[in-house]
Each structure stands twice: as C-alpha cells, then as structure tokens.
$ cat work.tsv   # TSV, C-alpha atoms
chain	number	residue	atom	x	y	z
A	151	MET	CA	0.00	0.00	0.00
A	152	THR	CA	1.34	3.41	-0.92
A	153	ALA	CA	1.40	6.18	1.66
A	154	ASP	CA	-0.56	9.35	0.94
A	155	PRO	CA	1.50	12.33	-0.11
A	156	VAL	CA	2.20	14.79	2.71
A	157	ARG	CA	3.05	18.49	2.73
A	158	ILE	CA	6.65	19.05	3.84
A	159	PRO	CA	7.62	22.73	4.12
A	160	LEU	CA	11.03	23.69	2.77
A	161	SER	CA	13.33	26.07	4.61
A	162	PRO	CA	13.51	29.67	3.30
A	163	ALA	CA	17.29	29.28	2.90
A	164	ALA	CA	16.89	26.30	0.53
A	165	LEU	CA	14.18	28.05	-1.50
A	166	GLU	CA	16.21	31.25	-1.78
A	167	ALA	CA	19.32	29.37	-2.81
A	168	ALA	CA	17.40	27.41	-5.46
A	169	ALA	CA	15.86	30.62	-6.77
A	170	ASP	CA	19.29	32.23	-7.02
A	171	TRP	CA	20.76	29.25	-8.90
A	172	ILE	CA	17.87	29.19	-11.38
A	173	ASP	CA	18.08	32.95	-11.85
A	174	ARG	CA	21.75	32.59	-12.89
A	175	LEU	CA	21.43	29.25	-14.68
A	176	GLU	CA	22.08	30.56	-18.19
A	177	GLU	CA	25.21	32.47	-17.18
A	178	LEU	CA	26.96	29.97	-14.93
A	179	SER	CA	30.64	29.38	-15.58
A	180	PRO	CA	31.98	25.79	-15.64
A	181	ALA	CA	33.23	26.22	-12.08
A	182	GLU	CA	29.85	27.52	-10.91
A	183	THR	CA	28.10	24.64	-12.69
A	184	THR	CA	30.24	22.26	-10.63
A	185	GLU	CA	29.29	24.19	-7.48
A	186	LEU	CA	25.60	23.79	-8.42
A	187	ASP	CA	26.09	20.02	-8.79
A	188	ILE	CA	27.72	19.92	-5.35
A	189	TRP	CA	24.88	21.96	-3.85
A	190	LEU	CA	22.25	19.63	-5.33
A	191	ALA	CA	24.09	16.55	-4.10
A	192	ALA	CA	24.46	17.96	-0.58
A	193	SER	CA	20.92	17.19	0.61
A	194	ASP	CA	17.47	15.96	-0.37
A	195	GLU	CA	16.06	19.32	0.69
A	196	HIS	CA	18.22	21.10	-1.89
A	197	ARG	CA	16.94	18.79	-4.64
A	198	ARG	CA	13.31	19.24	-3.59
A	199	ALA	CA	13.71	23.02	-3.47
A	200	TRP	CA	15.24	22.92	-6.96
A	201	THR	CA	12.35	20.80	-8.28
A	202	ALA	CA	9.75	23.06	-6.69
A	203	MET	CA	11.40	26.16	-8.12
A	204	GLN	CA	11.64	24.62	-11.59
A	205	SER	CA	7.92	23.83	-11.44
A	206	LEU	CA	7.17	27.46	-10.66
A	207	VAL	CA	9.43	28.71	-13.41
A	208	GLY	CA	7.58	26.40	-15.82
A	209	ASP	CA	4.28	28.12	-15.02
A	210	ARG	CA	3.71	30.59	-17.84
A	211	ALA	CA	1.97	33.25	-15.75
A	212	LEU	CA	4.60	33.11	-13.02
A	213	GLY	CA	7.34	32.99	-15.61
A	214	GLU	CA	6.10	36.26	-17.10
A	215	ALA	CA	5.97	37.82	-13.62
A	216	MET	CA	9.53	36.65	-13.01
A	217	ARG	CA	10.64	38.15	-16.31
A	218	ARG	CA	9.15	41.54	-15.39
A	219	LEU	CA	10.73	41.38	-11.93
A	220	HIS	CA	14.10	40.48	-13.44
A	221	LEU	CA	13.90	43.40	-15.89
A	222	ALA	CA	12.93	45.79	-13.10
A	223	GLU	CA	15.82	44.70	-10.88
A	224	HIS	CA	18.32	44.93	-13.73
A	225	ARG	CA	17.18	48.31	-15.03
A	226	PRO	CA	20.25	50.54	-15.61
A	227	LYS	CA	21.13	52.55	-12.53
A	228	ALA	CA	23.42	55.48	-11.86
A	229	ALA	CA	27.10	54.59	-12.04
A	230	PRO	CA	28.55	53.76	-8.60
A	231	ALA	CA	31.32	55.80	-7.06
A	232	ALA	CA	34.85	54.93	-8.12
A	233	SER	CA	35.60	53.44	-4.71
A	234	MET	CA	32.71	51.01	-5.03
A	235	ARG	CA	33.86	49.88	-8.46
A	236	ARG	CA	37.00	48.64	-6.78
A	237	VAL	CA	35.07	46.23	-4.62
A	238	ARG	CA	35.30	42.61	-5.77
A	239	ILE	CA	32.41	40.58	-4.51
A	240	ARG	CA	32.59	36.82	-4.24
A	241	SER	CA	29.94	34.84	-2.41
A	242	GLY	CA	30.77	31.93	-0.13
A	243	LEU	CA	29.85	28.45	-1.41
A	244	GLY	CA	29.26	29.88	-4.86
A	245	TRP	CA	26.30	32.01	-3.73
A	246	ARG	CA	25.90	35.75	-4.18
A	247	PRO	CA	23.27	38.29	-3.04
A	248	LEU	CA	19.86	37.19	-4.25
A	249	GLN	CA	18.41	38.73	-7.39
A	250	ILE	CA	14.92	37.20	-7.46
A	251	GLY	CA	15.29	34.53	-4.79
A	252	ALA	CA	13.42	36.30	-1.99
A	253	PRO	CA	10.27	37.10	-4.03
A	254	LEU	CA	10.16	33.57	-5.40
A	255	ALA	CA	10.66	32.07	-1.97
A	256	ALA	CA	7.64	34.04	-0.79
A	257	CYS	CA	5.61	32.65	-3.68
A	258	LEU	CA	6.55	29.15	-2.59
A	259	ALA	CA	5.45	29.63	1.01
A	260	GLY	CA	2.10	27.87	0.56
A	261	ILE	CA	3.07	25.29	-2.04
A	262	ALA	CA	2.80	21.63	-1.11
A	263	VAL	CA	5.81	19.49	-1.88
A	264	LEU	CA	5.14	15.78	-2.33
A	265	ALA	CA	7.10	13.59	0.03
A	266	ILE	CA	8.81	10.47	-1.19
A	267	ARG	CA	7.10	7.17	-0.51
A	268	GLN	CA	6.67	6.30	3.22
A	269	GLN	CA	8.29	9.60	4.42
A	270	PRO	CA	6.73	10.84	7.73
A	271	PRO	CA	5.25	14.37	7.98
A	272	TRP	CA	7.58	17.24	8.90
A	273	THR	CA	6.82	18.20	12.48
A	274	SER	CA	9.98	19.74	13.92
A	275	ALA	CA	10.48	23.46	14.46
A	276	PRO	CA	11.59	25.51	11.43
A	277	PRO	CA	15.37	25.67	11.09
A	278	SER	CA	17.24	28.81	12.03
A	279	PRO	CA	17.89	31.23	9.19
A	280	VAL	CA	21.06	30.40	7.28
A	281	ALA	CA	23.42	33.28	6.57
A	282	VAL	CA	24.60	33.58	2.98
A	283	PRO	CA	28.17	34.93	3.26
A	284	VAL	CA	29.44	37.58	0.87
A	285	GLU	CA	33.06	38.66	0.54
A	286	TYR	CA	34.26	42.20	-0.15
A	287	ALA	CA	37.93	42.51	-1.10
A	288	THR	CA	40.39	45.02	-2.49
A	289	GLN	CA	43.44	44.55	-4.65
A	290	THR	CA	46.97	45.77	-3.91
A	291	GLY	CA	47.05	49.58	-3.79
A	292	ALA	CA	43.26	50.01	-4.04
A	293	ARG	CA	40.84	50.97	-1.29
A	294	ALA	CA	37.07	50.68	-1.33
A	295	ASP	CA	33.92	51.47	0.64
A	296	ALA	CA	30.95	49.10	0.84
A	297	ARG	CA	27.50	49.71	2.30
A	298	LEU	CA	26.04	46.57	3.85
A	299	LYS	CA	22.37	45.64	3.77
A	300	ASP	CA	21.86	46.88	7.35
A	301	ASN	CA	23.24	50.30	6.26
A	302	SER	CA	26.54	49.77	8.07
A	303	VAL	CA	29.56	50.92	6.05
A	304	VAL	CA	32.89	49.12	5.70
A	305	HIS	CA	35.95	51.11	4.61
A	306	LEU	CA	38.52	48.63	3.29
A	307	ASP	CA	42.22	49.35	3.15
A	308	ALA	CA	44.25	48.07	0.19
A	309	SER	CA	44.79	44.30	-0.08
A	310	SER	CA	42.12	43.63	2.54
A	311	ALA	CA	39.08	41.36	2.66
A	312	VAL	CA	36.00	40.85	4.83
A	313	ARG	CA	33.38	38.10	4.72
A	314	VAL	CA	29.90	39.23	5.78
A	315	ALA	CA	27.05	36.96	6.91
A	316	PHE	CA	23.81	38.53	8.20
A	317	THR	CA	20.66	36.83	9.48
A	318	ALA	CA	17.56	38.16	11.22
A	319	ARG	CA	19.32	37.60	14.55
A	320	SER	CA	23.01	38.23	13.92
A	321	ARG	CA	25.55	40.33	12.02
A	322	GLU	CA	28.82	38.47	11.62
A	323	VAL	CA	31.89	39.72	9.78
A	324	GLU	CA	35.26	38.04	9.38
A	325	LEU	CA	38.26	40.23	8.64
A	326	GLU	CA	40.24	37.74	6.55
A	327	ARG	CA	43.24	40.00	6.00
A	328	GLY	CA	44.33	43.62	6.10
A	329	GLU	CA	42.47	46.47	7.77
A	330	ALA	CA	38.94	47.85	7.79
A	331	MET	CA	37.05	50.64	9.48
A	332	PHE	CA	33.44	49.88	10.40
A	333	GLU	CA	30.63	52.43	10.78
A	334	VAL	CA	28.01	50.22	12.40
A	335	ALA	CA	24.29	50.95	12.07
A	336	HIS	CA	22.59	50.74	15.47
A	337	ASP	CA	20.60	47.55	16.04
A	338	ALA	CA	20.44	46.47	19.68
A	339	ALA	CA	18.80	43.18	18.75
A	340	ARG	CA	21.66	42.19	16.43
A	341	PRO	CA	25.18	42.81	17.76
A	342	PHE	CA	27.81	43.39	15.08
A	343	ASP	CA	30.67	40.88	15.48
A	344	VAL	CA	34.01	41.17	13.69
A	345	ASP	CA	36.26	38.10	13.89
A	346	ALA	CA	39.89	39.02	13.21
A	347	GLY	CA	41.36	35.60	13.89
A	348	GLY	CA	42.96	36.40	17.22
A	349	ALA	CA	39.97	38.31	18.59
A	350	VAL	CA	36.26	38.96	18.18
A	351	VAL	CA	35.09	42.58	18.36
A	352	THR	CA	31.42	43.17	19.26
A	353	ALA	CA	29.57	46.46	18.74
A	354	VAL	CA	25.96	47.61	18.53
A	355	GLY	CA	26.30	51.03	16.91
A	356	THR	CA	29.73	52.63	16.75
A	357	ILE	CA	32.78	53.42	14.60
A	358	PHE	CA	35.89	51.34	15.06
A	359	ASP	CA	38.93	50.08	13.15
A	360	VAL	CA	40.34	46.55	13.09
A	361	GLU	CA	43.68	45.49	11.63
A	362	ARG	CA	44.79	41.89	11.16
A	363	LEU	CA	48.50	41.41	10.66
A	364	LYS	CA	50.35	38.12	10.39
A	365	ASP	CA	50.84	37.81	14.15
A	366	ARG	CA	48.96	40.75	15.66
A	367	VAL	CA	45.44	42.19	15.96
A	368	THR	CA	44.81	45.88	16.66
A	369	VAL	CA	41.44	47.45	17.47
A	370	GLY	CA	40.85	51.20	17.71
A	371	VAL	CA	37.57	52.92	18.65
A	372	LEU	CA	36.63	56.27	17.16
A	373	GLN	CA	33.09	56.49	18.51
A	374	GLY	CA	31.02	54.49	20.97
A	375	VAL	CA	32.04	51.33	22.83
A	376	VAL	CA	33.14	47.86	21.72
A	377	ARG	CA	33.90	44.60	23.52
A	378	VAL	CA	36.98	42.64	22.47
A	379	ARG	CA	37.33	38.94	23.29
A	380	SER	CA	40.70	37.34	22.62
A	381	GLN	CA	41.44	33.70	21.83
A	382	THR	CA	42.55	33.20	25.42
A	383	GLY	CA	39.12	34.30	26.67
A	384	ASP	CA	40.29	37.68	27.93
A	385	VAL	CA	37.54	40.31	27.51
A	386	ARG	CA	38.22	44.05	27.31
A	387	VAL	CA	35.82	46.96	26.84
A	388	LEU	CA	37.17	49.80	24.73
A	389	HIS	CA	35.77	53.33	24.61
A	390	ALA	CA	36.23	56.07	22.05
A	391	GLY	CA	39.86	57.14	21.87
A	392	GLU	CA	41.26	53.78	22.99
A	393	GLN	CA	43.27	51.23	21.04
A	394	LEU	CA	44.07	47.63	21.96
A	395	SER	CA	46.85	45.57	20.40
A	396	PHE	CA	47.97	42.02	21.13
A	397	ALA	CA	49.69	39.05	19.56
A	398	GLY	CA	49.02	35.44	20.52
A	399	ALA	CA	49.31	34.88	24.25
A	400	GLU	CA	50.97	38.26	24.88
A	401	PRO	CA	49.17	40.54	27.38
A	402	ALA	CA	46.87	42.97	25.60
A	403	VAL	CA	48.10	46.56	25.56
A	404	VAL	CA	45.56	49.42	25.70
A	405	ARG	CA	46.59	52.98	24.97
A	406	ARG	CA	44.93	56.33	24.35
A	407	ILE	CA	44.87	57.56	20.76
A	408	SER	CA	43.56	60.58	18.92
A	409	ARG	CA	40.83	60.30	16.30
A	410	ASP	CA	43.41	61.15	13.64
A	411	ILE	CA	45.68	58.30	14.71
A	412	ALA	CA	42.79	55.83	14.70
A	413	ARG	CA	42.01	56.57	11.06
A	414	THR	CA	45.56	57.33	9.97
A	415	TRP	CA	45.66	54.91	7.03
A	416	ARG	CA	42.70	56.67	5.41
A	417	SER	CA	44.78	59.86	5.24
A	418	ASN	CA	47.57	57.93	3.42
A	419	TRP	CA	50.08	58.45	6.22
A	420	TRP	CA	50.99	55.89	8.84
A	421	GLN	CA	52.06	57.16	12.26
A	422	ALA	CA	54.57	54.81	13.89
A	423	ASP	CA	55.66	55.08	17.52
A	424	ARG	CA	58.47	52.60	18.19
A	425	MET	CA	56.72	50.19	15.85
A	426	PRO	CA	58.69	47.13	14.66
A	427	LEU	CA	59.92	47.57	11.10
A	428	GLY	CA	58.31	44.25	10.19
A	429	GLN	CA	54.86	45.66	10.92
A	430	ILE	CA	55.54	48.77	8.85
A	431	VAL	CA	56.68	46.62	5.92
A	432	GLU	CA	53.59	44.42	6.23
A	433	ARG	CA	51.44	47.54	5.83
A	434	LEU	CA	53.52	48.85	2.93
A	435	ASN	CA	53.03	45.53	1.15
A	436	ARG	CA	49.32	46.33	0.78
A	437	TYR	CA	50.39	49.05	-1.65
A	438	SER	CA	53.57	47.68	-3.18
A	439	GLY	CA	53.45	46.06	-6.60
A	440	ARG	CA	56.29	43.76	-5.51
A	441	PRO	CA	56.42	42.19	-2.03
A	442	ILE	CA	58.94	43.83	0.30
A	443	VAL	CA	61.08	41.30	2.16
A	444	LEU	CA	63.26	41.94	5.22
A	445	ASP	CA	66.36	39.78	5.04
A	446	SER	CA	66.93	39.29	8.78
A	447	SER	CA	64.89	38.79	11.93
A	448	ASP	CA	66.64	41.64	13.74
A	449	LEU	CA	65.32	44.02	11.06
A	450	GLN	CA	61.81	42.68	11.70
A	451	ARG	CA	62.08	43.76	15.34
A	452	MET	CA	63.82	47.11	14.79
A	453	PRO	CA	61.68	49.86	16.45
A	454	ILE	CA	60.76	52.76	14.18
A	455	THR	CA	59.19	56.14	14.94
A	456	GLY	CA	57.92	58.51	12.26
A	457	SER	CA	55.30	59.17	9.58
A	458	PHE	CA	55.32	57.11	6.39
A	459	ASP	CA	53.43	57.55	3.13
A	460	LEU	CA	51.56	54.28	2.56
A	461	ARG	CA	50.63	55.03	-1.04
A	462	ARG	CA	54.24	55.65	-2.10
A	463	PRO	CA	56.04	52.51	-0.92
A	464	ASP	CA	59.10	53.13	-3.12
A	465	ALA	CA	59.62	56.62	-1.68
A	466	THR	CA	59.09	55.28	1.86
A	467	LEU	CA	61.67	52.54	1.27
A	468	ALA	CA	64.15	55.11	0.00
A	469	LEU	CA	63.59	57.18	3.15
A	470	LEU	CA	64.01	54.15	5.42
A	471	SER	CA	67.19	53.12	3.63
A	472	VAL	CA	68.75	56.52	4.32
A	473	LEU	CA	67.55	56.82	7.93
A	474	LEU	CA	68.48	53.25	8.89
A	475	ASP	CA	71.46	52.72	6.60
A	476	LEU	CA	69.73	49.89	4.75
A	477	LYS	CA	70.30	48.46	1.29
A	478	VAL	CA	67.35	48.20	-1.09
A	479	GLU	CA	67.72	45.47	-3.70
A	480	ARG	CA	64.99	45.36	-6.34
A	481	GLN	CA	64.60	41.93	-7.88
A	482	LYS	CA	62.17	40.81	-10.55
A	483	ASP	CA	59.43	39.65	-8.17
A	484	GLU	CA	60.49	41.08	-4.78
A	485	VAL	CA	62.18	44.01	-3.10
A	486	HIS	CA	64.72	43.02	-0.45
A	487	LEU	CA	65.76	45.23	2.45
A	488	SER	CA	69.00	44.40	4.30
A	489	ARG	CA	71.68	46.03	6.41
A	490	ARG	CA	74.61	47.66	4.66
A	491	THR	CA	76.80	46.67	7.58
A	492	PRO	CA	76.35	43.65	9.91
A	493	ALA	CA	74.42	44.26	13.13
A	494	PRO	CA	76.66	44.78	16.18

$ encode --input "work.tsv" --output "structure tokens"
Amino acid sequence: MTADPVRIPLSPAALEAAADWIDRLEELSPAETTELDIWLAASDEHRRAWTAMQSLVGDRALGEAMRRLHLAEHRPKAAPAASMRRVRIRSGLGWRPLQIGAPLAACLAGIAVLAIRQQPPWTSAPPSPVAVPVEYATQTGARADARLKDNSVVHLDASSAVRVAFTARSREVELERGEAMFEVAHDAARPFDVDAGGAVVTAVGTIFDVERLKDRVTVGVLQGVVRVRSQTGDVRVLHAGEQLSFAGAEPAVVRRISRDIARTWRSNWWQADRMPLGQIVERLNRYSGRPIVLDSSDLQRMPITGSFDLRRPDATLALLSVLLDLKVERQKDEVHLSRRTPAP
C-alpha cells in the first residue's frame, strides 16, 4: 500500500538558494556549474527546493511575472562611485546576493511538496535562518567602501578582505586580512561581530577600526564602545579614543589615541611610535606592486618612529634606507631590504 503524499515545508534558505541558482542558470561558468552540482548533491532538501522552483518557473503566468521582476531589478542605474567599483564581490559556497530569490521564496510559502514514498510528515520546528556569506575585497594599492544591507559601512584598506554573513538575529563579519574601518548601524537586537582571527570585536552602533596582521590584531575605537574577546578568553571593553593591540598569548596593551591616529591609514600616512619595522613593511606591502622582504629577523624587530606615506612605498623605502642605513635590492618579483653593515 502506498502512503498518501504529505506536505513538507522547505526552509527559506533552501528556496532562496534554489531561486538564485535558477536565476543565474544561463550564465553559470563551468566552475559555478560544478558548485551547483555539489549543492544539489548535498541534501534531499536542496533537490526538492530545486524541483519546486523549476515547477514554478515552468508556469507561464509566473514565468512572465519573473521576467518583469528580473527586468525591473536589472534596469540601468546610476554609475557607482569609483571606490565602489574597486570592490570585488565573491559569495561563499558559490552564492551571491539574491536577485529574485526572496520574491520567489515568498511565492513558494504555501506550495505543497510531495514527500517520497513512506516519508513521515515534517513536524519539527523551522530551522534557524542560514546566513549567505558575501566577501568584499580590495586589490593591492586600491581601497574601497561598501555599504552593507543593514546600512553599516565598511571602509577597506588596500589588499584587505571581509566576509559578511547577516541573518535576522546576527551580524557576523570576518576580517580575513588587512584592515577595515566599520561604521556600524545601530541595532540592539543584532550585535555586530568582527572576527579578526585572534579576537572577536562586538559592537551595537559605533565606529571602530580593526587590523589583522600576520601575528597581531589591533582594534581602535573612534566612537562608541566595543567589547573585544581574545582567543585566550580575555575580555576588554574599549571606549572612544582607545586602542588595543595584542599578539598570541601576549598581554593585551591598551593605549589612548587621537581620532586622527585611529584613522591614519585613510589619510595615506601611517604614524609609527616605536613600531617594529616588520609591521611597517607588512602595511607597505598592501600598496607595493612587488612584495617587500626583510632579510633578517633583527630588522623585523627594529623599532621605528615617524610618519610614512603608505601610497608611495618606493619613496618610503628610499627614506628608510637613508635613515636606517639599509640596502634596497629590487629583484624581478620582490624588493629586499637588508643592512649595509652587519648588526653589532
């Protein structure tokens, strides 16, 4: 005896993802086609959402509505600012911001999906919303600003990247590399978390800067208050005009800073106060066409004080070579910095 078909609701995330894939189906690259195959193979829910969406697309009346919606959403708009054109957007797991997925998912809300033979009715609570991550990144020497869907703004330094994942209950950002300043839109119900690898910074509505170097995280607050939780579990609260810096298990160091210092990279000049040369070089490499390499560990640790032009790495290297008696050797793929005379 065959069981009667039952209505099994599909999660909004699966429906939206299926809608997005179908919307882009005719323009998928070979790599994206492979990603679609992987997505379909990942779960039965994905395949059922795909089938349901295809059935809707096959409906002539709905298909015409979709066509009008697609044309409306792709109507030519005013050209974005130059800074925004520098933003490269790549979605996690092959997804990108939905074009027609949300409207189609709403259309599917009351549609019955036939269960496979002998499958029991769906009775559990609806799954939590699934965040669809989006990455914003800049190339070497190029900065960019990006407005997020909650109206927060991210100012990205050169050669930097953030991955953003928002749901109805959370705002999560990962600073994958480089530096970014965040102007966070106030939303007490959804704290704004920035994971910089060695620390998680939490804000509700504020302006703060986070830098992720190879072995160090630095957080500076320009406005409002943030909470910083390190990998060791240490929690600090920072107020406007305070900056925290730490590396690994080292004790966190908090110091007072001016607003100008906190946003120094946006003015093209970097203010260093007994900063290790290795950290200065790491910042210069965001703007240098060829990676700058220090040829000895003692140079990495050498403390430097002064102001350096980030956007003119060659001129800054020339200045450092004179001040520190260093040799600059320009090779095909790298620029090497070494001592002219051995260290005492």

$ closest_residue --input "work.tsv" --among "A:Leu487, A:Val387, A:Ala422, A:Val404" --to "Pro441 in chain A" --atoms "only C-alpha atoms"
A:Leu487

$ atom_distance --input "work.tsv" --atom1 "CA of Arg461 in chain A" --atom2 "CA of Asp307 in chain A"
11.0 Å

$ atom_distance --input "work.tsv" --atom1 "CA of Arg424 in chain A" --atom2 "CA of Val351 in chain A"
25.4 Å

$ residues_around --input "work.tsv" --residues "Arg436 in chain A" --least-positions-apart "2" --cutoff "7 Å" --atoms "all atoms listed in the file" --output "VMD selection string"
chain A and resid 290 to 291 308 to 309 433 to 434 438

$ residues_around --input "work.tsv" --residues "range 321-327 of chain A" --least-positions-apart "4" --cutoff "9 Å" --atoms "only C-alpha atoms" --output "PyMOL selection string"
chain A and resi 283+300+309-317+340-347+350+360-364

$ atom_distance --input "work.tsv" --atom1 "CA of Ala199 in chain A" --atom2 "CA of Leu160 in chain A"
6.8 Å

$ axis_aligned_box --input "work.tsv" --around "range 361-369 of chain A" --padding-each-side "4 Å" --output "lines of an AutoDock Vina configuration file"
center_x = 46.1
center_y = 42.6
center_z = 13.9
size_x = 17.4
size_y = 17.6
size_z = 15.1

$ residues_near_point --input "work.tsv" --point "(63.2, 44.7, 8.7)" --cutoff "8 Å" --atoms "only C-alpha atoms" --output "PDB file with C-alpha atoms, in the frame of the given file"
ATOM      1  CA  PRO A 426      58.690  47.130  14.660  1.00  0.00           C
ATOM      2  CA  LEU A 427      59.920  47.570  11.100  1.00  0.00           C
ATOM      3  CA  GLY A 428      58.310  44.250  10.190  1.00  0.00           C
ATOM      4  CA  VAL A 431      56.680  46.620   5.920  1.00  0.00           C
ATOM      5  CA  VAL A 443      61.080  41.300   2.160  1.00  0.00           C
ATOM      6  CA  LEU A 444      63.260  41.940   5.220  1.00  0.00           C
ATOM      7  CA  ASP A 445      66.360  39.780   5.040  1.00  0.00           C
ATOM      8  CA  SER A 446      66.930  39.290   8.780  1.00  0.00           C
ATOM      9  CA  SER A 447      64.890  38.790  11.930  1.00  0.00           C
ATOM     10  CA  ASP A 448      66.640  41.640  13.740  1.00  0.00           C
ATOM     11  CA  LEU A 449      65.320  44.020  11.060  1.00  0.00           C
ATOM     12  CA  GLN A 450      61.810  42.680  11.700  1.00  0.00           C
ATOM     13  CA  ARG A 451      62.080  43.760  15.340  1.00  0.00           C
ATOM     14  CA  MET A 452      63.820  47.110  14.790  1.00  0.00           C
ATOM     15  CA  LEU A 487      65.760  45.230   2.450  1.00  0.00           C
ATOM     16  CA  SER A 488      69.000  44.400   4.300  1.00  0.00           C
TER      17      SER A 488
END

$ closest_residue --input "work.tsv" --among "A:Pro162, A:Pro463, A:Gly456, A:Gly370" --to "Met331 in chain A" --atoms "all atoms listed in the file"
A:Gly370
